[in-house]
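Asks: Below is input.txt; it holds compact mmCIF, C-alpha atoms and all ligand atoms.
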```txt
# COMPACT_ATOMS: atom_id res chain seq x y z
CA MET X 1 0.00 0.00 0.00
CA SER X 2 1.22 3.50 -0.75
CA LYS X 3 2.08 5.86 2.07
CA ALA X 4 -0.80 8.19 2.91
CA VAL X 5 0.05 11.88 3.04
CA SER X 6 -2.17 14.84 3.79
CA ALA X 7 -2.86 17.44 1.12
CA LEU X 8 -0.30 20.03 2.20
CA GLU X 9 1.84 17.89 4.52
CA GLY X 10 1.47 20.17 7.51
CA ALA X 11 1.96 23.56 5.86
CA SER X 12 1.62 26.47 8.26
CA PHE X 13 1.50 30.25 8.25
CA GLU X 14 1.90 32.67 11.12
CA GLY X 15 0.26 36.06 10.83
CA PHE X 16 -1.93 37.75 13.42
CA ALA X 17 -3.40 34.27 13.78
CA LYS X 18 -1.81 30.91 13.13
CA VAL X 19 -2.93 28.70 10.27
CA GLU X 20 -1.86 25.05 10.12
CA GLU X 21 -2.80 22.15 7.97
CA THR X 22 -3.33 19.50 10.63
CA GLY X 23 -2.21 16.44 8.67
CA LEU X 24 -4.03 13.18 8.15
CA ARG X 25 -7.42 12.95 9.81
CA GLY X 26 -10.04 10.25 9.81
CA MET X 27 -13.43 11.30 8.48
CA ILE X 28 -16.60 9.29 8.05
CA THR X 29 -19.83 10.38 6.42
CA VAL X 30 -22.88 8.83 8.06
CA ARG X 31 -26.33 9.18 6.57
CA GLY X 32 -29.59 7.85 7.93
CA ASP X 33 -32.37 8.66 10.33
CA LEU X 34 -30.73 10.82 13.01
CA ASP X 35 -33.80 10.52 15.23
CA SER X 36 -33.64 6.74 15.38
CA LYS X 37 -32.59 4.84 18.49
CA GLU X 38 -30.25 2.68 16.39
CA MET X 39 -28.37 5.70 15.06
CA ALA X 40 -27.94 7.21 18.52
CA GLU X 41 -26.67 3.89 19.83
CA ALA X 42 -24.24 3.42 16.93
CA VAL X 43 -22.83 6.91 17.39
CA LYS X 44 -22.48 6.39 21.12
CA ALA X 45 -20.98 2.91 20.91
CA VAL X 46 -18.36 3.76 18.31
CA ASN X 47 -17.39 7.30 19.28
CA GLY X 48 -18.49 7.66 22.86
CA ALA X 49 -20.41 10.76 21.82
CA GLU X 50 -24.04 11.74 22.16
CA MET X 51 -26.02 12.69 19.07
CA PRO X 52 -25.19 16.32 18.22
CA ALA X 53 -27.97 18.90 18.15
CA VAL X 54 -28.60 20.90 14.99
CA ARG X 55 -25.39 22.70 13.86
CA LYS X 56 -23.34 21.33 16.76
CA ILE X 57 -20.30 19.13 17.16
CA VAL X 58 -19.94 16.74 20.10
CA HIS X 59 -16.59 15.37 21.21
CA GLY X 60 -16.39 11.82 22.56
CA GLU X 61 -13.32 9.88 23.62
CA GLY X 62 -13.39 7.92 20.33
CA GLY X 63 -14.10 10.77 17.97
CA SER X 64 -16.09 13.89 17.29
CA VAL X 65 -19.53 13.83 15.71
CA ALA X 66 -20.84 16.82 13.77
CA TRP X 67 -24.34 17.63 12.52
CA MET X 68 -24.14 18.09 8.76
CA SER X 69 -27.80 18.08 7.73
CA PRO X 70 -31.09 16.58 8.98
CA ASP X 71 -29.96 13.16 7.75
CA GLU X 72 -26.17 13.38 7.79
CA LEU X 73 -23.38 13.29 10.37
CA LEU X 74 -19.64 13.62 10.04
CA VAL X 75 -17.42 11.60 12.33
CA VAL X 76 -13.94 13.04 12.81
CA CYS X 77 -11.38 10.69 14.34
CA ALA X 78 -7.77 9.52 14.20
CA TYR X 79 -6.77 8.62 10.65
CA GLU X 80 -5.85 5.01 11.50
CA GLU X 81 -9.14 4.39 13.29
CA ALA X 82 -11.46 5.30 10.42
CA ASP X 83 -11.61 1.84 8.81
CA ALA X 84 -12.45 0.10 12.09
CA LYS X 85 -15.08 2.71 12.90
CA VAL X 86 -16.70 2.35 9.48
CA ALA X 87 -16.90 -1.40 10.02
CA ALA X 88 -18.28 -1.03 13.55
CA MET X 89 -20.88 1.56 12.60
CA THR X 90 -21.95 -0.38 9.51
CA GLU X 91 -22.52 -3.39 11.72
CA ALA X 92 -24.34 -1.35 14.37
CA LEU X 93 -26.65 0.04 11.68
CA ALA X 94 -27.28 -3.28 9.94
CA GLY X 95 -30.88 -3.46 8.75
CA GLN X 96 -31.30 0.31 8.94
CA HIS X 97 -31.66 2.58 5.92
CA ALA X 98 -28.24 4.09 6.49
CA LEU X 99 -24.88 4.66 4.84
CA VAL X 100 -21.42 4.82 6.40
CA VAL X 101 -18.44 5.71 4.23
CA LYS X 102 -14.86 6.76 4.83
CA VAL X 103 -14.01 10.12 3.28
CA SER X 104 -10.70 10.86 5.07
CA ASP X 105 -8.63 11.10 1.91
CA ALA X 106 -11.12 13.37 0.16
CA ARG X 107 -10.60 16.14 2.69
CA ALA X 108 -8.11 18.54 4.20
CA VAL X 109 -8.23 20.02 7.70
CA PHE X 110 -6.85 23.34 8.95
CA ARG X 111 -6.50 24.78 12.43
CA ILE X 112 -6.80 28.52 12.91
CA SER X 113 -5.65 29.67 16.33
CA GLY X 114 -4.82 32.87 18.16
CA GLU X 115 -6.69 35.78 19.67
CA ALA X 116 -8.18 36.96 16.41
CA ALA X 117 -8.91 33.58 14.82
CA ARG X 118 -12.56 34.60 14.48
CA GLU X 119 -11.62 37.48 12.23
CA VAL X 120 -9.67 35.28 9.85
CA ILE X 121 -12.86 33.33 9.13
CA ALA X 122 -15.19 36.33 9.33
CA LYS X 123 -13.41 37.84 6.34
CA LEU X 124 -14.02 34.75 4.24
CA ALA X 125 -17.42 33.31 5.13
CA PRO X 126 -20.92 34.88 5.24
CA VAL X 127 -21.28 33.81 8.85
CA ASP X 128 -21.75 35.79 12.07
CA MET X 129 -18.50 34.98 13.87
CA SER X 130 -19.17 37.02 17.02
CA PRO X 131 -18.63 35.11 20.30
CA ALA X 132 -22.35 35.35 21.06
CA ALA X 133 -23.39 33.86 17.73
CA PHE X 134 -20.59 31.32 17.39
CA PRO X 135 -19.76 29.63 20.73
CA ALA X 136 -17.54 26.58 21.26
CA GLY X 137 -19.23 23.46 19.95
CA GLU X 138 -20.87 25.31 17.08
CA PHE X 139 -20.42 23.63 13.70
CA ARG X 140 -21.14 25.46 10.48
CA ARG X 141 -21.17 24.41 6.86
CA SER X 142 -20.74 27.39 4.59
CA ARG X 143 -18.32 28.68 2.01
CA VAL X 144 -14.96 30.41 2.28
CA ALA X 145 -14.59 32.76 -0.67
CA GLN X 146 -15.38 30.52 -3.65
CA VAL X 147 -15.42 27.03 -2.14
CA ALA X 148 -17.46 24.95 0.29
CA ALA X 149 -16.05 24.50 3.79
CA ALA X 150 -17.18 23.54 7.27
CA PHE X 151 -15.70 24.73 10.53
CA TRP X 152 -16.16 24.51 14.26
CA LEU X 153 -14.86 26.17 17.40
CA ASN X 154 -12.96 24.11 19.96
CA GLU X 155 -13.01 24.71 23.72
CA ASP X 156 -9.44 26.06 23.54
CA GLY X 157 -10.53 28.88 21.23
CA SER X 158 -9.05 27.41 18.06
CA PHE X 159 -11.10 26.77 14.96
CA GLU X 160 -10.82 23.74 12.73
CA MET X 161 -11.87 23.93 9.11
CA ILE X 162 -12.58 21.13 6.67
CA CYS X 163 -12.57 21.46 2.90
CA PHE X 164 -12.23 19.20 -0.10
CA ARG X 165 -8.69 18.01 -0.65
CA SER X 166 -8.73 19.31 -4.23
CA VAL X 167 -9.02 22.89 -2.94
CA ALA X 168 -6.66 22.56 0.04
CA GLN X 169 -4.03 24.89 -1.40
CA TYR X 170 -6.68 27.48 -2.25
CA VAL X 171 -8.11 27.39 1.27
CA PHE X 172 -4.66 27.53 2.85
CA ASP X 173 -3.82 30.58 0.73
CA LEU X 174 -7.12 32.22 1.67
CA LEU X 175 -6.58 31.64 5.38
CA SER X 176 -2.99 32.84 5.14
CA ILE X 177 -3.87 36.05 3.31
CA SER X 178 -6.77 36.64 5.69
CA SER X 179 -4.44 36.38 8.71
CA GLU X 180 -1.61 38.48 7.31
CA ARG X 181 -0.20 41.04 9.71
CA GLY X 182 -1.59 44.47 9.00
CA GLY X 183 -4.93 42.93 8.14
CA GLU X 184 -6.28 42.89 11.71
CA VAL X 185 -9.79 44.28 12.00
CA GLY X 186 -10.01 44.38 15.79
CA PHE X 187 -13.77 44.09 15.89
CA LEU X 188 -14.47 40.55 17.07
CA ASN X 189 -11.75 39.98 19.68
CA MET K 1 -28.81 41.15 -0.54
CA LEU K 2 -31.44 38.51 0.03
CA THR K 3 -31.36 36.57 3.31
CA LEU K 4 -33.45 33.42 3.69
CA GLN K 5 -33.67 31.20 6.74
CA CYS K 6 -33.08 27.56 5.84
CA PRO K 7 -35.93 25.59 7.46
CA TYR K 8 -33.69 22.52 7.83
CA CYS K 9 -30.60 23.85 9.60
CA GLY K 10 -31.99 27.16 10.83
CA VAL K 11 -29.17 29.23 9.34
CA GLU K 12 -30.02 32.76 8.25
CA ALA K 13 -28.34 32.22 4.92
CA GLU K 14 -27.40 35.12 2.73
CA GLU K 15 -27.74 34.73 -0.99
CA THR K 16 -24.22 33.52 -1.72
CA GLU K 17 -24.79 30.48 0.48
CA LEU K 18 -27.87 29.57 -1.54
CA HIS K 19 -28.72 28.53 -5.05
CA ALA K 20 -31.96 29.57 -6.76
CA GLU K 21 -33.75 26.49 -8.05
CA GLY K 22 -36.63 27.99 -9.97
CA GLU K 23 -40.33 28.12 -9.39
CA ALA K 24 -42.00 26.33 -6.50
CA HIS K 25 -44.76 23.70 -6.58
CA LEU K 26 -44.35 22.59 -10.20
CA LYS K 27 -46.32 19.51 -11.04
CA ARG K 28 -44.45 17.15 -13.29
CA PHE K 29 -46.01 16.02 -16.54
CA GLY K 30 -43.96 13.25 -18.09
CA PRO K 31 -44.48 10.42 -20.58
CA GLY K 32 -48.11 9.95 -21.52
CA SER K 33 -49.17 13.52 -20.75
CA SER K 34 -50.68 15.86 -23.32
CA ASP K 35 -48.41 18.13 -25.36
CA ASP K 36 -49.91 21.19 -23.65
CA ASP K 37 -49.28 19.83 -20.15
CA PHE K 38 -45.77 18.79 -21.08
CA GLU K 39 -45.00 22.19 -22.58
CA GLY K 40 -46.41 23.90 -19.50
CA TYR K 41 -44.31 21.79 -17.19
CA LEU K 42 -41.14 22.35 -19.17
CA PHE K 43 -41.39 25.99 -20.16
CA MET K 44 -44.27 28.01 -18.74
CA ARG K 45 -43.29 29.95 -15.62
CA GLU K 46 -44.78 32.69 -13.52
CA ASN K 47 -42.90 35.96 -13.67
CA PRO K 48 -44.75 38.18 -11.22
CA LYS K 49 -43.98 41.65 -9.99
CA GLY K 50 -44.98 40.98 -6.40
CA VAL K 51 -45.81 37.80 -4.52
CA HIS K 52 -43.81 34.81 -5.70
CA PHE K 53 -43.03 31.28 -4.58
CA GLU K 54 -39.63 29.82 -5.28
CA ARG K 55 -37.48 26.80 -4.64
CA TRP K 56 -34.04 27.36 -3.18
CA ARG K 57 -31.22 25.08 -2.15
CA HIS K 58 -28.91 25.63 0.80
CA SER K 59 -26.03 24.59 -1.45
CA ASN K 60 -23.18 26.04 0.63
CA GLY K 61 -24.68 24.65 3.80
CA CYS K 62 -26.81 21.66 4.73
CA GLY K 63 -27.52 20.98 1.07
CA LYS K 64 -31.30 20.76 1.38
CA PHE K 65 -33.93 22.13 -0.99
CA PHE K 66 -36.61 24.34 0.54
CA HIS K 67 -39.36 26.77 -0.46
CA ALA K 68 -39.52 30.52 -0.04
CA ALA K 69 -42.40 32.99 -0.35
CA ARG K 70 -41.31 36.52 -1.11
CA CYS K 71 -42.12 39.71 -2.98
CA THR K 72 -40.03 40.22 -6.11
CA MET K 73 -40.62 43.96 -5.99
CA THR K 74 -39.75 44.82 -2.39
CA LEU K 75 -37.63 41.73 -1.64
CA GLU K 76 -39.74 41.22 1.49
CA VAL K 77 -39.58 37.60 2.60
CA PHE K 78 -42.86 36.20 3.91
CA GLY K 79 -41.29 32.97 5.03
CA THR K 80 -39.48 29.78 4.10
CA TYR K 81 -40.89 26.29 4.44
CA SER K 82 -40.25 22.62 3.91
CA ALA K 83 -39.81 21.11 0.47
CA GLN K 84 -41.96 18.16 1.52
CA THR K 85 -45.24 19.88 0.70
CA LEU K 86 -47.46 20.61 -2.29
CA GLU K 87 -48.60 24.07 -1.20
CA PRO K 88 -47.53 27.01 0.97
CA PRO K 89 -48.48 26.74 4.67
CA GLN K 90 -51.60 28.65 5.72
CA GLU K 91 -49.58 30.79 8.09
CA ILE K 92 -47.51 32.15 5.20
CA LYS K 93 -50.58 32.67 3.02
CA ASP K 94 -52.17 34.65 5.87
CA LYS K 95 -49.08 36.78 6.19
CA ILE K 96 -49.21 37.61 2.49
CA SER K 97 -52.94 38.34 2.64
CA ALA K 98 -52.38 40.82 5.45
CA LYS K 99 -50.06 42.79 3.20
CA TYR K 100 -51.53 42.15 -0.23
CA PRO K 101 -55.26 41.41 0.14
CA GLY K 102 -56.59 39.55 -2.87
CA TRP K 103 -53.22 38.24 -4.07
CA THR K 104 -53.16 35.19 -6.32
CA TRP K 105 -50.39 32.99 -7.65
CA ARG K 106 -51.24 30.04 -9.88
CA GLU K 107 -53.92 28.11 -7.97
CA PHE K 108 -53.08 29.69 -4.62
CA ALA K 109 -54.71 32.71 -3.04
ZN ZN T 1 -29.66 24.58 5.61
```
Just dump the structure as C-alpha cells.

Replies:
Amino acid sequence: MSKAVSALEGASFEGFAKVEETGLRGMITVRGDLDSKEMAEAVKAVNGAEMPAVRKIVHGEGGSVAWMSPDELLVVCAYEEADAKVAAMTEALAGQHALVVKVSDARAVFRISGEAAREVIAKLAPVDMSPAAFPAGEFRRSRVAQVAAAFWLNEDGSFEMICFRSVAQYVFDLLSISSERGGEVGFLN
Amino acid sequence: MLTLQCPYCGVEAEETELHAEGEAHLKRFGPGSSDDDFEGYLFMRENPKGVHFERWRHSNGCGKFFHAARCTMTLEVFGTYSAQTLEPPQEIKDKISAKYPGWTWREFA
C-alpha cells in the first residue's frame, strides 16, 4: 500500500493568527435517520459521543460527531481508526436505511488559532463569527470565498476547518492572506 | 442582498450560500401527458412583480432544498418552508394576505 500523506503535509502560516494544515485525519460520512434509536446507539458505541444537536459538534473519547444536515453526520477521528469505525458503525446500523463511508482522503483540515482567529474566518465566510453567535461546539457548513467549507470552534478557542482536498491549497492561501499582519480588524476579539 | 432562513438547519443564509432552483410547486407532466401539459411543465413559468413562490437550495450549507415565499418587488420575505409539501403553509398565506389582500399565484390565493 502506498504511504498516505495529507494534502499540504502540515503547511503552516503565522500572521496575526496561526494557520496550520493539521495532517491526516479520519473522516466518516454517516447518513440515515438521526432521530432513530439505532443511530444514537451506533454513534455512542463507536465514538463515545451523544447525538449532536442541529449545527453542533460533540466530542467523545473515540471521535467527534458533527451535525451536517437533517440526515447526515460527520465523524472526525484519528486517521488510522477510520476503517475500524466504518466497520463497527456499519454493523451497528445493519438493517437500517443508512450509509457509512470513509471520506478521510477526500478532505483537508486546517486549524486557525490565536486571539483573532474569528476574524480570519469572518473575512471569508458569510457567517456571524461574534462570540455570542458562534460559541464553542458550534459547527457550520458554509463557504470560504469561492469554495465549500465547514468549521467549528474548539473549547481552547481554536477553529478547525474542513474542505475538499482538491481545494486545500486554495483554502490555505485564503486563510494565510486573511491572517496576514496588518490585516487585523479588531472588531471581534 | 437577500437573506433566507433555511428551514432545515436554521441558518439565516445570505444569498451567496444559496442557489436559486426555480419556481415552487411545479407539477411534473412526463411520458403519456398531453403536449400542452408537457410544454407547461417544461417551459411556462410565472414571472410576477410581487408575490412569488420559489425553490431554493442551501447549497453552501446543509444541502437541502426548501421553499420561499417573497415579494419580487420589495424583496420582502414572507417565510421559508419545507420542500416536503405541495402548497404554501396557511400561516404564510395569511401573512401575504395581510399585506396584499386579494393576491393570487397560480392556484393559490
Ligand atoms: Zn440549511

Asks: May I ask which of the residues X:Gly23, X:Gly95, X:Pro70, X:Pro131 is the closest one to ligand ZN 1 (chain T), counting only C-alpha atoms and all ligand atoms?

Replies: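 Ranking X:Gly23, X:Gly95, X:Pro70, X:Pro131 by distance to ligand ZN 1 (chain T), first place goes to X:Pro70.
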
Asks: May I have a table of the residues of chain X lying at most 10 Å from ligand ZN 1 (chain T), giving each one's closest pair of atoms and their distance in Å to one decimal, counting all atoms listed in the file, ordered by chain and ascending residue number, as a Markdown table?

Replies:
```
| residue | atom | partner | partner_atom | distance |
| --- | --- | --- | --- | --- |
| X:Arg55 | CA | T:ZN1 | ZN | 9.5 |
| X:Met68 | CA | T:ZN1 | ZN | 9.1 |
| X:Ser69 | CA | T:ZN1 | ZN | 7.1 |
| X:Pro70 | CA | T:ZN1 | ZN | 8.8 |
| X:Arg140 | CA | T:ZN1 | ZN | 9.9 |
| X:Arg141 | CA | T:ZN1 | ZN | 8.6 |
| X:Ser142 | CA | T:ZN1 | ZN | 9.4 |
```

Asks: At a cut-off of 10 Å, using all atoms listed in the file, what residues contact X:Met129? Leave out same-chain residues fewer than 3 positions from it and give the result as a PyMOL selection string.

Replies: chain X and resi 117-123+125-126+132-135+188

Asks: As a ChimeraX atom specification, please: the residues near K:Ser82 (cut-off 7 Å, only C-alpha atoms, same-chain neighbours under 3 positions excluded).

Replies: /K:7,66-67,85

Asks: May I have a table of the residues of chain K lying at most 12 Å from chain X, giving each one's closest pair of atoms and their distance in Å to one decimal, counting only C-alpha atoms, ordered by chain and ascending residue number, as a Markdown table?

Replies:
```
| residue | atom | partner | partner_atom | distance |
| --- | --- | --- | --- | --- |
| K:Met1 | CA | X:Pro126 | CA | 11.6 |
| K:Thr3 | CA | X:Pro126 | CA | 10.8 |
| K:Cys6 | CA | X:Ser69 | CA | 11.0 |
| K:Pro7 | CA | X:Pro70 | CA | 10.3 |
| K:Tyr8 | CA | X:Pro70 | CA | 6.6 |
| K:Cys9 | CA | X:Val54 | CA | 6.5 |
| K:Gly10 | CA | X:Val54 | CA | 8.2 |
| K:Val11 | CA | X:Arg55 | CA | 8.8 |
| K:Glu12 | CA | X:Val127 | CA | 8.8 |
| K:Ala13 | CA | X:Pro126 | CA | 7.9 |
| K:Glu14 | CA | X:Pro126 | CA | 7.0 |
| K:Glu15 | CA | X:Pro126 | CA | 9.2 |
| K:Thr16 | CA | X:Pro126 | CA | 7.8 |
| K:Glu17 | CA | X:Ser142 | CA | 6.5 |
| K:Leu18 | CA | X:Ser142 | CA | 9.7 |
| K:His58 | CA | X:Ser142 | CA | 9.2 |
| K:Ser59 | CA | X:Ser142 | CA | 8.5 |
| K:Asn60 | CA | X:Ser142 | CA | 4.8 |
| K:Gly61 | CA | X:Arg141 | CA | 4.7 |
| K:Cys62 | CA | X:Ser69 | CA | 4.8 |
| K:Gly63 | CA | X:Ser69 | CA | 7.3 |
| K:Lys64 | CA | X:Ser69 | CA | 7.7 |
| K:Phe65 | CA | X:Ser69 | CA | 11.4 |
```

Asks: Within 10 Å of X:Glu91, counting all atoms listed in the file, which residues show up once you throw out same-chain ones fewer than 5 positions away? Write them as a VMD selection string, please.

Replies: chain X and resid 42 85 to 86 96 100

Asks: One number please: atom CA of K:Met73 to atom CA of K:Asp37, in Å, one decimal.

Replies: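 Those two atoms sit 29.3 Å apart.
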
Asks: Find the spatial neighbours of K:Arg28, counting all atoms listed in the file, within a cut-off of 7 Å - ignore same-chain residues fewer than 2 positions away - and output them as a compact mmCIF listing (two decimals) with C-alpha atoms, keeping the file's coordinate frame.

Replies:
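Written file, out18.txt:
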```txt
# COMPACT_ATOMS: atom_id res chain seq x y z
CA LEU K 26 -44.35 22.59 -10.20
CA GLY K 30 -43.96 13.25 -18.09
CA TYR K 41 -44.31 21.79 -17.19
```

Asks: For atom CA of X:Ser64 and atom CA of X:Ala116, determine how far apart the two atoms are, in Å to one decimal place.

Replies: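 Pair atom CA of X:Ser64 / atom CA of X:Ala116 returns 24.4 Å.
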
Asks: So which residues touch stretch 19-23 of chain K within 7 Å, counting only C-alpha atoms, skipping near sequence neighbours fewer than 4 positions away, as a PDB file with C-alpha atoms, in the frame of the given file?

Replies:
```pdb
ATOM      1  CA  PHE K  53     -43.030  31.280  -4.580  1.00  0.00           C
ATOM      2  CA  GLU K  54     -39.630  29.820  -5.280  1.00  0.00           C
ATOM      3  CA  ARG K  55     -37.480  26.800  -4.640  1.00  0.00           C
ATOM      4  CA  TRP K  56     -34.040  27.360  -3.180  1.00  0.00           C
ATOM      5  CA  ARG K  57     -31.220  25.080  -2.150  1.00  0.00           C
ATOM      6  CA  HIS K  58     -28.910  25.630   0.800  1.00  0.00           C
ATOM      7  CA  SER K  59     -26.030  24.590  -1.450  1.00  0.00           C
TER       8      SER K  59
END
```

Asks: Just to confirm, what's the straight-line distance from atom CA of X:Leu24 to atom CA of X:Ser166 in Å (one decimal)?

Replies: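 These atoms are spaced 14.6 Å apart.
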